[in-house]
Structures are given as structure tokens and as C-alpha cells.
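Encoded as C-alpha cells, the structure appears first; notes follow it.
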Amino acid sequence: MQSLSNRRGWGFWLQLGFTLLVCALLTVPMVMSMLAGLTANYFVGLKSGLTLRWVEEVWRVYSGTILLSLRIAFACLACTLALGVPAAYALARRPGRIARLVEELLMMPVAIPGLATALALIVTYGGVGDLRSSWLFILIGHVLFTLPFMVRAVLAVMGSIDLTTLEEGAASLGAGFLRRFFTVVLPNCRSGILAGSLMVLTLSVGEFNLTWLLHTPLTKTLPVGLADSYASLRIEIGSAYTLVFFLMIVPSLILMQALAKRGRPSV
Amino acid sequence: MPDSFHLDAVPIRLERCGKTFAGGARALEPLDLTIRGGETIVFLGPSGCGKTTTLRIIAGLENPDPGGRVLFGEEDVTALPIERRNVGMVFQSYALFPNMTVAENVAYGLKVRKIARADRARRVEEMLDLMHLGEFAGRRIDQLSGGQRQRVALARALVVRPRVLLLDEPLTALDAKLRDSLRLEIDRLLRGLGITAVYVTHDQGEAMALGDRIVVMAKGRVAQVGTPREIYYQPADGFVADFIGTMNRLGGMSRGGTLSIGAATLPWTGPDGAVELLVRPEDLALAGEADGHLAGTVAAAVFLGDRTRLVVEPADGPALTVDAAGRSELGRGDRVWLRVDPARLLAVP
């Protein structure tokens, strides 16, 4: 121990200090914001006492947005699974110039600003039936935006295992296409599908750009409500709202990290 | 080996099976070949010679060009995909399912065939015992060594009692020692099962040890089909001669029933003119100055234990490889004389 601390010169302490400073720069505002949501009166400060009153208030006013966000997120997940996994499979099995082109095209909604995508959706499909006032309209936007992330995550795993040979192995044992897909392809892409799913959920719950343009007063999602409360209500309510958002997002972020750490499946 | 492991010996017939890939590259010239029931045939050749393509056509993983036919016994299977051909296949990379245990891997083909659970469990257990894998039944694939994986791959392919067994360079990924012991095991297994087997390799040692017959391939064509002895002692052409074992080349001149090599004259039957002759290292003998045919200088001597391999440079012509006794004291720079047995000389067509 003695020799260890001897070796640590001033450079070490300088670096440690700098690292801690950067960490503080990032975490202090978050902590402050969360505390603000639990403080009885933010302008008086912490000595006014801690309360769950604002969180209750948020639930009373905005529970609809939270539930809608969850509904959209899970519907979006269902859609990206149904579309993205087969798409990734098709791209993985067809290594050609056209497949690469399609892959790039799939990434387009990420590159184009959400506002532009939303506007295009409104111009094109805004007049179709009741779509404009339905939550499905937001869902369409979210699927468009999150699909590339699902495809990429699954494709990455499919590229790291020898999918073609695994399938040939299954086929040589008599398995037809559907059986191969469900017993060999999907189970061996599990880590990619899980990572993609968490990504899609997180992105959908937090999506604002697209949603802000696509929503109606009756189809507000959590981030839209959040912007709303920041603009028009007490800072404690906005902060409490942020707290609720954190509680929803952080577990899935942690899970995502854990999955990433476990990395590729060992073969 | 229990009787239940004895499999039907189905002959395979390839009729004008060629393969042209999209883009026009010809991987395989149209090929006609009959593989007898119960026979182990080895496709041997350098990479890109068409041996794997041929195997994949037999398996049903590739379609032959229009006009080609694949027959298992009397049945034309050309139009059937691999999953309906009832073949067993062992892949170079094993292709074991990482999401399943050893026992689940072996049971997969039986499940696909809807074999009842009890029957399935019994057959998996029997097969695992046969392959000395009993204690690994519950292991995951990534907990196995290379040799164990290869045995699981064999067990998985054989447990469904396939009509033919196809092996695509099954030992290439293993180290030399393991390769030898697994080769013996595969040999014992194939003889015991009596199954028709097609084995692809680029390793001539494997081909010689396992094949009832060997198909030597080069550039999408069959260079020679024959037993290991035929291939070794009567190579059809220079390519086969060079590819299998070590072969020396001698220049000679045939004239009126005699053949002159260097200063020596030997009895010979063949048309007059210059001939290129092939001879195996073990068919050249060291001799004294009086009875030797060719003189040369030792350029290199490699001690191999059971023998010493000499590279001898004659006065003219390419260097010759000669096997001497293991205890031979000959070394670089020594002058030697070689004796040629005319009966062992092969004229290249």
C-alpha cells in the first residue's frame, strides 16, 4: 500500500480531480433536477422539506401521457421486431450491392431531422381517414425512426456468427425454413434482438422531435408533456416529471449496458 | 458396434453435373461418377478445384447446371433440397448449434423427424456412447474441445441414419496429432456402419488412409479416379503425380528398345524420342560407382528418423529426392550414385 501511494505523483491526483470534476459537471444538474422535483418549494430550497406531492401531481395530470408513451413504445417494439428481424435476416443472407444499398436506405430516418420526417408524414398521410388524430400516427413515426436501430443490432450479431453454415447444418438434419428460422436463427441472435429491443423502447419513450409535430392535444406522449410542463407549470412539477421519466428509462439503459458487456455469443 | 447402427448402403450417381456460378465462373466441368453403395470416396485436390462444389451438389446445397442429375440409388434427387434428401453432413466448421447442449444438438434431427421422446432419448444416448461423448451430454458446445466438437458433429449427422454421409474437410481445423487419432476413429466408424460416404479433403494423407477410391480434382475437372494405390503408383498425369506424395522427374531418350538416362542405358519399350519419366523417391536406390546409373552430389540431407531424405543434384537435369536408410551418414557435398529400376519408371503421357 505504502509503495503504491508513493508511486502516485501529482499527475495522478490532477487527473483524478479532473475526472471527478467532469463527472460532477454531468451529474450535479441531474441530481439538482431530481431534488427539485422532491422539494416542497424550490425557491425556498431544501429546508422547505421533501415531498412526493409534485410526483402525485404529475401522475394526476400526466398519467395519460405516460401510459400512451408506454403503449406506443411496446407497440413500436412489436412492429420493429416483426419488420426488423426478418429484414436483418434478409440483409445478412444476401451479401450484395443491393443489400448494402437497402441497409443504407434503412438508416435514412436517423440521418434526416425528425421534424422533416414528421412533416413529410403529415403532408403525405395526414389526410388519410382519422389517422392524423390517432396515436397510430405517432406509432408510424416511431417505427420509422427506431427500425434502423433494431436492424443494425440484429445484423451485427448475425454478422458475428456463421449463420449460413448453421442453417445448412440444420437443413442437413431435415429442418425446413420455418423450423430453421425459429430453432436456430432466432435463438442464436437473441443477444442482438434483446439489445435492439431495449434500444427501441428507450428511443421510443424519449422521442420528442417527430412526436412534437405528430401529436394532437389528445395524443400527447411523455416527452411532449414534459416540454409542456416546463413551459407552463411550476418548476417542481417539471422536475418531478423528469424524475418519473428517469425512473422509466434508467432501468432499461442499465440492462442495455449489461447486455453489451456480455457481448457476442460465444461459439 | 450394435446392429442398429448398420446403415443401408445407397449408391450415388452423378450424371453430367457441372456448376457455373452467377457471373459465368465455371466451378465444375460436367462430371459423371458412380459411387458404389457402402464405398468411401474421397475428393482430393487443391482449393478451388471443385471438390467442395461437387460435395454440395450431392448434398443438395447447390443445384447442378441444367442437364445434370443426382441419383441416390434409383431415386432422382436433383430437385430435392438438402432437408429432403436424408443425408448426414459434417462441416469443416462443425456448424453445431451454440444455443443447444451436446444432447440437444444430437437430438435435433430426430426431433425434426418427429421421433417419439423415449425413442429419441435412447438413440441419442446410444450414439453419444458410441462416440465416447456420454459424459458431455449436458455440456454447451463452447465448453468442448475441437476434437469433441467434431465427434458431436459426426454423432449428430449419423443418429438420423442418413442414406449417405458427407464430410467437408472435417479434420482441417484440428491440430496434427488429433487429426491422426480422429482419422482412425472415422475410418473405424465408416467401415463399421457400412454407409456410403463422400469425404472432401486437400490432405493426401487423409485421402490415402480413408478412401476406398480417390477422385483427384484440378481446376474443376477430374484428373483421376482410382484406389489409393492406383493413384500413387499409376498417376494419370503430371499433376496427379506431383500432388500425391513426392515425385522425381527424369529426362531420357528412347531409341530402338533402349532408354538412355545420363550415361546409363536401360532396356525400354516405347516409341523413339525424348521422354519425361517419373519415379518415386523410394524407387531410386543408392548404389556404388560400378552399378550406379546416375551420378550426383548431395545438396541436402534431412533426417526423418526412419529414413534420411536426400536431395541429389545430378550433373544435368532437375534435383532428385531419394530415400536412404535412417542411419545413413551421407551429408551435403558427398558424391553418390543412383540406380534406377526401369520397371518402376513411368513415362508421362
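In the C-alpha cells, chains take letters A, B, ... by order of appearance, with residues numbered from 1 within each chain and ligands from 1 in the order shown.
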
*Return as JSON, numbers by chain the residues belonging to chain B that are within 10 Å of chain A, counting only C-alpha atoms.*
{"B": [59, 60, 61, 81, 82, 83, 84, 85, 86, 87, 88, 89, 90, 91, 92, 93, 94, 95, 96, 97, 98, 99, 100, 105, 106, 107, 108, 109, 110, 111, 112, 113, 140, 141, 142, 143, 153, 156, 157, 158, 159, 160, 162, 166]}

Using the selection just defined, write its residues with N, CA and C atoms as a CSV table (one decimal), in the first residue's frame.
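After the write, out-v8.csv holds the following:
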chain,number,residue,atom,x,y,z
B,59,ALA,N,-25.0,-33.0,-51.8
B,59,ALA,CA,-25.8,-32.7,-50.6
B,59,ALA,C,-27.1,-32.1,-50.9
B,60,GLY,N,-27.2,-31.3,-52.0
B,60,GLY,CA,-28.4,-30.5,-52.3
B,60,GLY,C,-28.3,-29.1,-51.8
B,61,LEU,N,-27.0,-28.7,-51.5
B,61,LEU,CA,-26.8,-27.3,-51.1
B,61,LEU,C,-26.6,-26.4,-52.4
B,81,PRO,N,-34.4,-30.3,-52.1
B,81,PRO,CA,-33.4,-29.5,-51.3
B,81,PRO,C,-32.8,-30.4,-50.3
B,82,ILE,N,-31.7,-30.0,-49.7
B,82,ILE,CA,-30.9,-30.8,-48.7
B,82,ILE,C,-31.8,-31.4,-47.6
B,83,GLU,N,-32.8,-30.6,-47.1
B,83,GLU,CA,-33.6,-31.1,-46.0
B,83,GLU,C,-34.5,-32.3,-46.4
B,84,ARG,N,-34.6,-32.6,-47.7
B,84,ARG,CA,-35.5,-33.7,-48.0
B,84,ARG,C,-34.7,-34.8,-48.7
B,85,ARG,N,-33.3,-34.8,-48.6
B,85,ARG,CA,-32.5,-35.8,-49.2
B,85,ARG,C,-32.1,-36.9,-48.2
B,86,ASN,N,-32.3,-36.6,-46.9
B,86,ASN,CA,-31.9,-37.6,-45.8
B,86,ASN,C,-30.4,-37.9,-45.9
B,87,VAL,N,-29.6,-36.9,-45.9
B,87,VAL,CA,-28.1,-37.1,-45.9
B,87,VAL,C,-27.6,-36.7,-44.5
B,88,GLY,N,-26.5,-37.1,-44.2
B,88,GLY,CA,-25.8,-36.6,-43.0
B,88,GLY,C,-24.6,-35.8,-43.4
B,89,MET,N,-24.5,-34.7,-42.8
B,89,MET,CA,-23.3,-33.8,-43.3
B,89,MET,C,-22.5,-33.3,-42.1
B,90,VAL,N,-21.2,-33.4,-42.3
B,90,VAL,CA,-20.3,-32.9,-41.3
B,90,VAL,C,-19.5,-31.7,-41.9
B,91,PHE,N,-19.6,-30.6,-41.3
B,91,PHE,CA,-19.0,-29.4,-41.9
B,91,PHE,C,-17.6,-29.1,-41.3
B,92,GLN,N,-16.8,-28.4,-42.1
B,92,GLN,CA,-15.4,-28.0,-41.6
B,92,GLN,C,-15.5,-27.2,-40.3
B,93,SER,N,-16.5,-26.3,-40.2
B,93,SER,CA,-16.6,-25.5,-39.0
B,93,SER,C,-17.6,-26.1,-38.0
B,94,TYR,N,-17.9,-27.4,-38.2
B,94,TYR,CA,-18.8,-28.2,-37.4
B,94,TYR,C,-20.3,-27.8,-37.5
B,95,ALA,N,-20.6,-26.5,-37.5
B,95,ALA,CA,-21.9,-26.0,-37.6
B,95,ALA,C,-22.8,-26.5,-36.5
B,96,LEU,N,-22.2,-26.7,-35.3
B,96,LEU,CA,-23.0,-27.1,-34.2
B,96,LEU,C,-23.8,-25.9,-33.7
B,97,PHE,N,-25.0,-26.2,-33.1
B,97,PHE,CA,-25.8,-25.1,-32.6
B,97,PHE,C,-25.4,-24.6,-31.3
B,98,PRO,N,-24.9,-23.4,-31.2
B,98,PRO,CA,-24.4,-22.9,-29.9
B,98,PRO,C,-25.5,-22.7,-28.8
B,99,ASN,N,-26.8,-22.6,-29.3
B,99,ASN,CA,-27.9,-22.4,-28.3
B,99,ASN,C,-28.4,-23.7,-27.7
B,100,MET,N,-27.7,-24.8,-28.0
B,100,MET,CA,-28.2,-26.1,-27.5
B,100,MET,C,-27.0,-26.9,-26.9
B,105,ASN,N,-28.2,-31.0,-29.5
B,105,ASN,CA,-27.6,-31.0,-30.9
B,105,ASN,C,-27.9,-32.3,-31.6
B,106,VAL,N,-27.5,-33.4,-30.9
B,106,VAL,CA,-27.6,-34.7,-31.5
B,106,VAL,C,-29.1,-35.1,-31.7
B,107,ALA,N,-30.0,-34.6,-30.8
B,107,ALA,CA,-31.4,-34.9,-30.9
B,107,ALA,C,-32.1,-34.1,-32.0
B,108,TYR,N,-31.5,-33.1,-32.5
B,108,TYR,CA,-32.2,-32.1,-33.4
B,108,TYR,C,-32.8,-32.8,-34.6
B,109,GLY,N,-32.0,-33.6,-35.3
B,109,GLY,CA,-32.5,-34.3,-36.5
B,109,GLY,C,-33.7,-35.3,-36.2
B,110,LEU,N,-33.6,-35.9,-35.0
B,110,LEU,CA,-34.6,-36.8,-34.6
B,110,LEU,C,-35.9,-36.1,-34.3
B,111,LYS,N,-35.8,-34.9,-33.6
B,111,LYS,CA,-37.0,-34.1,-33.4
B,111,LYS,C,-37.6,-33.7,-34.6
B,112,VAL,N,-36.8,-33.2,-35.6
B,112,VAL,CA,-37.4,-32.8,-36.9
B,112,VAL,C,-38.1,-34.0,-37.5
B,113,ARG,N,-37.6,-35.2,-37.3
B,113,ARG,CA,-38.3,-36.4,-37.9
B,113,ARG,C,-39.5,-36.9,-37.0
B,140,ARG,N,-22.5,-27.4,-22.9
B,140,ARG,CA,-22.7,-26.5,-24.0
B,140,ARG,C,-21.6,-26.7,-25.0
B,141,ILE,N,-21.8,-26.3,-26.3
B,141,ILE,CA,-20.9,-26.5,-27.3
B,141,ILE,C,-19.5,-25.8,-27.0
B,142,ASP,N,-19.7,-24.6,-26.5
B,142,ASP,CA,-18.4,-23.8,-26.3
B,142,ASP,C,-17.6,-24.3,-25.1
B,143,GLN,N,-18.1,-25.4,-24.5
B,143,GLN,CA,-17.3,-26.0,-23.4
B,143,GLN,C,-16.5,-27.2,-23.9
B,153,ALA,N,-20.4,-33.5,-34.0
B,153,ALA,CA,-20.9,-33.2,-35.4
B,153,ALA,C,-21.2,-34.6,-36.1
B,156,ARG,N,-24.3,-36.2,-34.5
B,156,ARG,CA,-25.5,-35.5,-34.9
B,156,ARG,C,-25.9,-35.9,-36.3
B,157,ALA,N,-24.9,-36.1,-37.2
B,157,ALA,CA,-25.2,-36.5,-38.6
B,157,ALA,C,-25.6,-37.9,-38.7
B,158,LEU,N,-25.0,-38.8,-37.9
B,158,LEU,CA,-25.3,-40.2,-38.0
B,158,LEU,C,-26.5,-40.7,-37.3
B,159,VAL,N,-26.9,-40.0,-36.3
B,159,VAL,CA,-28.0,-40.5,-35.4
B,159,VAL,C,-29.3,-40.6,-36.2
B,160,VAL,N,-29.5,-39.9,-37.3
B,160,VAL,CA,-30.7,-39.9,-38.0
B,160,VAL,C,-30.7,-41.0,-39.1
B,162,PRO,N,-28.7,-41.5,-41.9
B,162,PRO,CA,-28.8,-40.9,-43.3
B,162,PRO,C,-28.5,-42.0,-44.3
B,166,LEU,N,-21.8,-37.2,-45.7
B,166,LEU,CA,-21.0,-36.3,-46.5
B,166,LEU,C,-20.1,-35.5,-45.5

*Can you list, as a PyMOL selection string, every protein, DNA or RNA residue that comes within 7 Å of Ala155 (chain B) when you count only C-alpha atoms, leaving out same-chain residues fewer than 6 positions away?*
chain B and resi 106+127-128+131

Output N, CA and C atoms for every residue in the selection just made, as a short mmCIF file (atom, residue, chain, number, x, y, z; two decimals), in the first residue's frame.
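Output file result-v7.cif is given in full below:
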data_model
loop_
_atom_site.label_atom_id
_atom_site.label_comp_id
_atom_site.auth_asym_id
_atom_site.auth_seq_id
_atom_site.Cartn_x
_atom_site.Cartn_y
_atom_site.Cartn_z
N VAL B 106 -27.53 -33.40 -30.88
CA VAL B 106 -27.65 -34.73 -31.47
C VAL B 106 -29.12 -35.09 -31.68
N MET B 127 -25.91 -43.16 -29.37
CA MET B 127 -24.98 -42.51 -30.28
C MET B 127 -23.87 -41.80 -29.51
N LEU B 128 -24.24 -41.14 -28.42
CA LEU B 128 -23.23 -40.45 -27.60
C LEU B 128 -22.24 -41.46 -27.02
N MET B 131 -19.76 -42.61 -29.63
CA MET B 131 -18.76 -41.59 -29.93
C MET B 131 -17.99 -41.16 -28.68
#

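Minimum atom-to-atom distance to Phe182 (chain A), evaluated using only C-alpha atoms, belongs to A:Pro86 out of A:Gly196, A:Gly64, A:Pro29, A:Pro86.
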
*asked:* Excluding Glu207 (chain A) and its own-chain neighbours fewer than 5 positions away, which residues fall within 10 Å of it when counting only C-alpha atoms? Please give them as a list of chain:residue names.
replied: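 Contacts, with the query itself left out: A:Ser69, A:Ala73, A:Gly114, A:Gly141, A:His142, A:Phe145, A:Thr146, A:Leu201, A:Thr202, A:Trp212, A:Thr221, A:Leu222, A:Pro223, A:Val224.
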
*Near Leu210 (chain A), counting only C-alpha atoms, which residues have an atom at most 12 Å away, once you skip same-chain residues fewer than 6 positions from it, shown as a ChimeraX atom specification?*
/A:109-110,112-122,137-146,203-204,221,223-224

*Compile the contact shell of Ala290 (chain B) as a ChimeraX atom specification: residues with an atom at most 12 Å away, counting only C-alpha atoms, same-chain residues fewer than 5 positions apart removed.*
/B:264,295,336-339

Could the residues in this selection be written to a file with N, CA, C and O atoms, as a short mmCIF file (atom, residue, chain, number, x, y, z; two decimals), in the first residue's frame?
data_model
loop_
_atom_site.label_atom_id
_atom_site.label_comp_id
_atom_site.auth_asym_id
_atom_site.auth_seq_id
_atom_site.Cartn_x
_atom_site.Cartn_y
_atom_site.Cartn_z
N ALA B 264 23.78 -43.81 -68.55
CA ALA B 264 23.33 -45.20 -68.47
C ALA B 264 22.37 -45.55 -69.60
O ALA B 264 21.66 -44.69 -70.10
N ALA B 295 25.10 -40.21 -61.56
CA ALA B 295 25.97 -39.65 -60.52
C ALA B 295 25.44 -38.29 -60.12
O ALA B 295 24.83 -37.58 -60.91
N VAL B 336 27.34 -39.28 -54.77
CA VAL B 336 26.60 -40.56 -54.71
C VAL B 336 26.23 -41.03 -56.11
O VAL B 336 26.24 -40.26 -57.07
N TRP B 337 25.91 -42.34 -56.19
CA TRP B 337 25.42 -42.91 -57.45
C TRP B 337 24.05 -43.52 -57.21
O TRP B 337 23.81 -44.13 -56.16
N LEU B 338 23.16 -43.30 -58.16
CA LEU B 338 21.79 -43.80 -58.01
C LEU B 338 21.51 -44.87 -59.05
O LEU B 338 21.98 -44.78 -60.19
N ARG B 339 20.72 -45.86 -58.62
CA ARG B 339 20.34 -46.93 -59.53
C ARG B 339 18.84 -46.82 -59.80
O ARG B 339 18.05 -46.58 -58.91
#

Skipping near chain neighbours, those fewer than 3 positions away, what residues fall within 10 Å of Arg183 (chain B) using only C-alpha atoms, listed as a compact mmCIF listing (two decimals) with N, CA, C and O atoms, in the first residue's frame?
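Below you can see part.txt, which holds the result:
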# COMPACT_ATOMS: atom_id res chain seq x y z
N PRO B 170 -13.46 -32.40 -42.64
CA PRO B 170 -13.84 -32.42 -41.22
C PRO B 170 -12.67 -32.29 -40.26
O PRO B 170 -12.87 -31.96 -39.10
N LEU B 171 -11.45 -32.54 -40.72
CA LEU B 171 -10.33 -32.54 -39.78
C LEU B 171 -9.42 -31.33 -39.93
O LEU B 171 -8.46 -31.15 -39.18
N LYS B 177 -1.89 -34.01 -34.33
CA LYS B 177 -1.98 -35.24 -33.55
C LYS B 177 -3.44 -35.71 -33.43
O LYS B 177 -3.77 -36.88 -33.61
N LEU B 178 -4.31 -34.73 -33.14
CA LEU B 178 -5.74 -35.01 -33.01
C LEU B 178 -6.29 -35.50 -34.34
O LEU B 178 -7.14 -36.39 -34.40
N ARG B 179 -5.77 -34.90 -35.42
CA ARG B 179 -6.21 -35.25 -36.75
C ARG B 179 -5.98 -36.73 -36.99
O ARG B 179 -6.84 -37.44 -37.50
N ASP B 180 -4.80 -37.21 -36.62
CA ASP B 180 -4.47 -38.62 -36.84
C ASP B 180 -5.40 -39.54 -36.07
O ASP B 180 -5.90 -40.53 -36.61
N ILE B 186 -12.72 -42.14 -37.51
CA ILE B 186 -13.67 -42.01 -38.62
C ILE B 186 -13.59 -43.25 -39.51
O ILE B 186 -14.61 -43.80 -39.93
N ASP B 187 -12.37 -43.72 -39.76
CA ASP B 187 -12.17 -44.90 -40.60
C ASP B 187 -12.92 -46.10 -40.01
O ASP B 187 -13.70 -46.77 -40.69
N ARG B 188 -12.69 -46.32 -38.71
CA ARG B 188 -13.33 -47.43 -38.00
C ARG B 188 -14.85 -47.31 -38.08
O ARG B 188 -15.57 -48.26 -38.36
N LEU B 189 -15.34 -46.07 -37.91
CA LEU B 189 -16.77 -45.80 -37.92
C LEU B 189 -17.38 -46.09 -39.29
O LEU B 189 -18.40 -46.77 -39.40
N GLY B 205 -2.71 -37.40 -47.26
CA GLY B 205 -2.58 -38.45 -46.25
C GLY B 205 -3.95 -38.95 -45.82
O GLY B 205 -4.20 -40.16 -45.72
N GLU B 206 -4.85 -38.01 -45.56
CA GLU B 206 -6.22 -38.37 -45.19
C GLU B 206 -6.88 -39.16 -46.31
O GLU B 206 -7.57 -40.16 -46.07
N ALA B 209 -5.57 -42.72 -46.49
CA ALA B 209 -5.94 -43.55 -45.36
C ALA B 209 -7.42 -43.92 -45.38
O ALA B 209 -7.80 -45.01 -44.97
N LEU B 210 -8.28 -43.01 -45.84
CA LEU B 210 -9.72 -43.22 -45.70
C LEU B 210 -10.39 -43.75 -46.96
O LEU B 210 -11.41 -44.43 -46.88

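Proximity ranking of A:Ala24, A:Ile66, A:Leu155, A:Leu46 relative to Ala99 (chain A) places A:Leu155 first, based on only C-alpha atoms.
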
*Quick one: residues within 8 Å of region 239-243 of chain A, only C-alpha atoms counted, chain neighbours fewer than 6 positions away excluded, as an NGL selection string?*
:A and (33-38 or 54-55 or 58 or 226)

*region 113-198 of chain B: which residues are helix (DSSP H, G or I) by DSSP, as a PyMOL selection string?*
chain B and resi 117-130+134-136+141-143+146-158+176-193

*Mind giving me the straight-line distance from CA of Ile57 (chain B) to CA of Leu167 (chain B) in Å, one decimal?*
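Here the two named atoms are 12.9 Å from each other.
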